[in-house]
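Beneath this line is the structure, given in structure tokens, with notes to follow.
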Amino acid sequence: MRIGVITFPGSLDDRDAQRAVRISGATPVALWHGDHDLQGVDAVILPGGFAYGDYLRAGAIASYAPIMAEVIDAANKGVPVLGICNGFQMLAEARLVPGAHTRNAHQQFIRRDQRLRVENATTDWTNAFETNDEIIIPMKNADGRFVADSETLARIEGQGQVVFRYLDVNPNGSLNDIAGVSNERGNVVALMPHPEHATEPGFGPDTPEAMSSGIDGLKFFESALRVLATV
Amino acid sequence: MPTIVVEVMPKAELLDPQGKAVAGALARLGKTRFTSVRIGKRFEVTVDGAVDDALLDEVRALAEEMFSNSVIEDVVSVEVIGSVNH
């Protein structure tokens, strides 16, 4: 299985995402924002960072990058697409997932090991979880406050498109404590926390068991591999 | 050269953390007459040649689709300035 990770000018976590793909047992493929080519990959990851300096709005200019035409086309055909942090902002700006982001309600950049609840364990990136699983995934962002109008919120809550919810504290003022969402089909999933940073013992978030031991992020990638194995 | 000015504001019902921070600073300065501040964006798009209705429509469409995100912002004005030689 080949999973592409797109590097934009200003991407920070593309290497980490490639590493997570490798640890999960797939082959990472480095993709470039300026190409009109997904190199035939089986799934695509839009990594975290500050693409194009987050000018205009976080993820806005990146959503017009050349390769996004191919990403949108692939997403509409059912290819699994995961947006992490800045990647979430890009997918929202590209209208592949609902909602948008504003500055964190408290105006500060946050970095914490965040507990999340898996609300929907049927998407292409969450099927290795059970619904209501509680997981710990690191997060770090400035523009992480998820917003949508009340009609959209009601719709995505009703259709199971809220995939992850923050537990314990709402770190950025996101409406309904929403940490991640999906498209209607469930092949495009996007979240603010960083699963790629929770895939290797010793380098993950702290857990009640041991420091840096969290590997809950692995199941994101394993979920996509399960989907691809059945295609 | 003519310039088309587009102004975008965060939606009124949404929290505007930047505006709120400025309003807080005004309050600390004792400026009690100011009850709130909201911060938006102004785009100045310089045009090669004269502005006609078609071009203005194109900028209106860009304002809605690219310069603003309708989930969180509203386009409040699109207007031409400096259309006379300068």
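Ligands are numbered from 1 in the order shown, chains are lettered A, B, ... in the order of the structure tokens, and residues start at 1 in each chain.
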- Query: If you run DSSP on this backbone, which residues of stretch 73-228 of chain A come out as strand (DSSP E or B), and could you give them as number ranges by chain?
  - Reply: A: 81-84, 100-102, 110-118, 134-141, 145-147, 162-166, 178-182, 188-191
Surrounding residues of B:Leu55 excluding itself and chain neighbours under 2 positions, 12 Å, only C-alpha atoms, as a PDB file with C-alpha atoms, in the first residue's frame:
```
ATOM      1  CA  PRO B   2      -7.873  51.790 -10.930  1.00  0.00           C
ATOM      2  CA  THR B   3      -8.052  49.811  -7.727  1.00  0.00           C
ATOM      3  CA  ILE B   4     -10.890  47.600  -6.579  1.00  0.00           C
ATOM      4  CA  VAL B  45      -6.701  44.883  -6.055  1.00  0.00           C
ATOM      5  CA  THR B  46      -4.895  46.959  -8.662  1.00  0.00           C
ATOM      6  CA  VAL B  47      -6.201  46.573 -12.183  1.00  0.00           C
ATOM      7  CA  ASP B  48      -4.421  46.830 -15.515  1.00  0.00           C
ATOM      8  CA  GLY B  49      -6.733  48.935 -17.713  1.00  0.00           C
ATOM      9  CA  ALA B  50     -10.271  50.149 -17.160  1.00  0.00           C
ATOM     10  CA  VAL B  51     -12.716  48.442 -14.825  1.00  0.00           C
ATOM     11  CA  ASP B  52     -15.870  47.258 -16.563  1.00  0.00           C
ATOM     12  CA  ASP B  53     -18.899  45.444 -15.155  1.00  0.00           C
ATOM     13  CA  ASP B  57     -18.395  40.813 -11.297  1.00  0.00           C
ATOM     14  CA  GLU B  58     -15.278  38.667 -11.435  1.00  0.00           C
ATOM     15  CA  VAL B  59     -13.883  40.414  -8.356  1.00  0.00           C
ATOM     16  CA  ARG B  60     -17.230  40.056  -6.570  1.00  0.00           C
ATOM     17  CA  ALA B  61     -17.086  36.310  -7.243  1.00  0.00           C
ATOM     18  CA  LEU B  62     -13.459  36.125  -6.049  1.00  0.00           C
ATOM     19  CA  VAL B  78     -16.661  45.807  -3.277  1.00  0.00           C
ATOM     20  CA  GLU B  79     -15.940  49.194  -4.852  1.00  0.00           C
ATOM     21  CA  VAL B  80     -13.683  50.886  -7.368  1.00  0.00           C
TER      22      VAL B  80
END
```
- chain B contacts to chain A at 8 Å (only C-alpha atoms) as an MDAnalysis selection string: chainID B and resid 15 17:18 66:67 69 71:72
- Task: Excluding A:Asp113 and residues on its chain fewer than 6 positions from it, collect all residues at most 7 Å away from it, counting only C-alpha atoms, and give them as an MDAnalysis selection string.
- Result: chainID A and resid 136:139 205:206
- Query: Which neighbours of A:Asn141 fall inside 10 Å, counting only C-alpha atoms, when residues of the same chain fewer than 6 positions from it are skipped, and could you give them as a PyMOL selection string?
  - Reply: chain A and resi 48-50+85-86+103-104+108-112+171-172+192-193
- Quick one: pick out all alpha helix (DSSP H) residues within stretch 5-228 of chain A from a backbone DSSP run and write them as a ChimeraX atom specification. /A:14-23,66-77,86-93,150-158,218-228
- Restricting the calculation to only C-alpha atoms, which member of A:Ala43, A:Ile3, A:Glu70, A:Tyr55 is positioned closest to B:Lys41?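 Nearest to B:Lys41: A:Tyr55.
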- Query: Which residues come within 12 Å of B:Val22, counting only C-alpha atoms, excluding same-chain residues fewer than 5 positions away, as number ranges by chain?
  - Reply: A: 107; B: 16-17, 27-29, 31, 34-39
- Choose the residue, out of A:Val41, A:Ala94, A:Val21, A:Ala75, that has the smallest atom-to-atom separation from A:His197; count only C-alpha atoms.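 Result for the nearest residue to A:His197: A:Val21.
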- Message: Could you tell me how far atom CA of A:Asp42 sits from atom CA of A:Ile215, in Å to one decimal place?
- Response: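 Value for the atom CA of A:Ile215-atom CA of A:Asp42 distance: 23.2 Å.
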- Closest to A:Gly83 among A:Trp125, A:Tyr166, A:Phe146, A:Tyr52, using only C-alpha atoms?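 Closest to A:Gly83, using only C-alpha atoms: A:Trp125.
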- Item | A:Ala20 environment, 10 Å, only C-alpha atoms, sequence neighbours closer than 5 positions dropped, as a VMD selection string | chain A and resid 14 to 15 25 to 28 195 to 200 217 to 218 220 to 221
Output C-alpha atoms for every residue in that selection, as a short mmCIF file (atom, residue, chain, number, x, y, z; two decimals), in the first residue's frame.
```cif
data_model
loop_
_atom_site.label_atom_id
_atom_site.label_comp_id
_atom_site.auth_asym_id
_atom_site.auth_seq_id
_atom_site.Cartn_x
_atom_site.Cartn_y
_atom_site.Cartn_z
CA ASP A 14 5.26 15.88 6.45
CA ARG A 15 8.28 13.81 7.50
CA GLY A 25 3.37 -1.01 7.49
CA ALA A 26 2.67 1.02 4.35
CA THR A 27 5.00 2.77 1.92
CA PRO A 28 5.10 6.57 2.21
CA PRO A 195 -2.09 11.17 15.10
CA GLU A 196 1.31 10.92 13.35
CA HIS A 197 2.93 12.03 16.63
CA ALA A 198 1.44 9.04 18.48
CA THR A 199 2.72 6.05 16.55
CA GLU A 200 5.98 4.96 18.18
CA GLY A 217 -2.41 7.35 16.39
CA LEU A 218 -1.35 4.08 14.75
CA PHE A 220 -5.67 5.91 11.99
CA PHE A 221 -3.20 4.51 9.48
#
```
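Of the listed residues (A:Glu157, A:Asp168, A:Glu151, A:Asp124), A:Asp124 comes nearest to A:Glu222; the distances count only C-alpha atoms.
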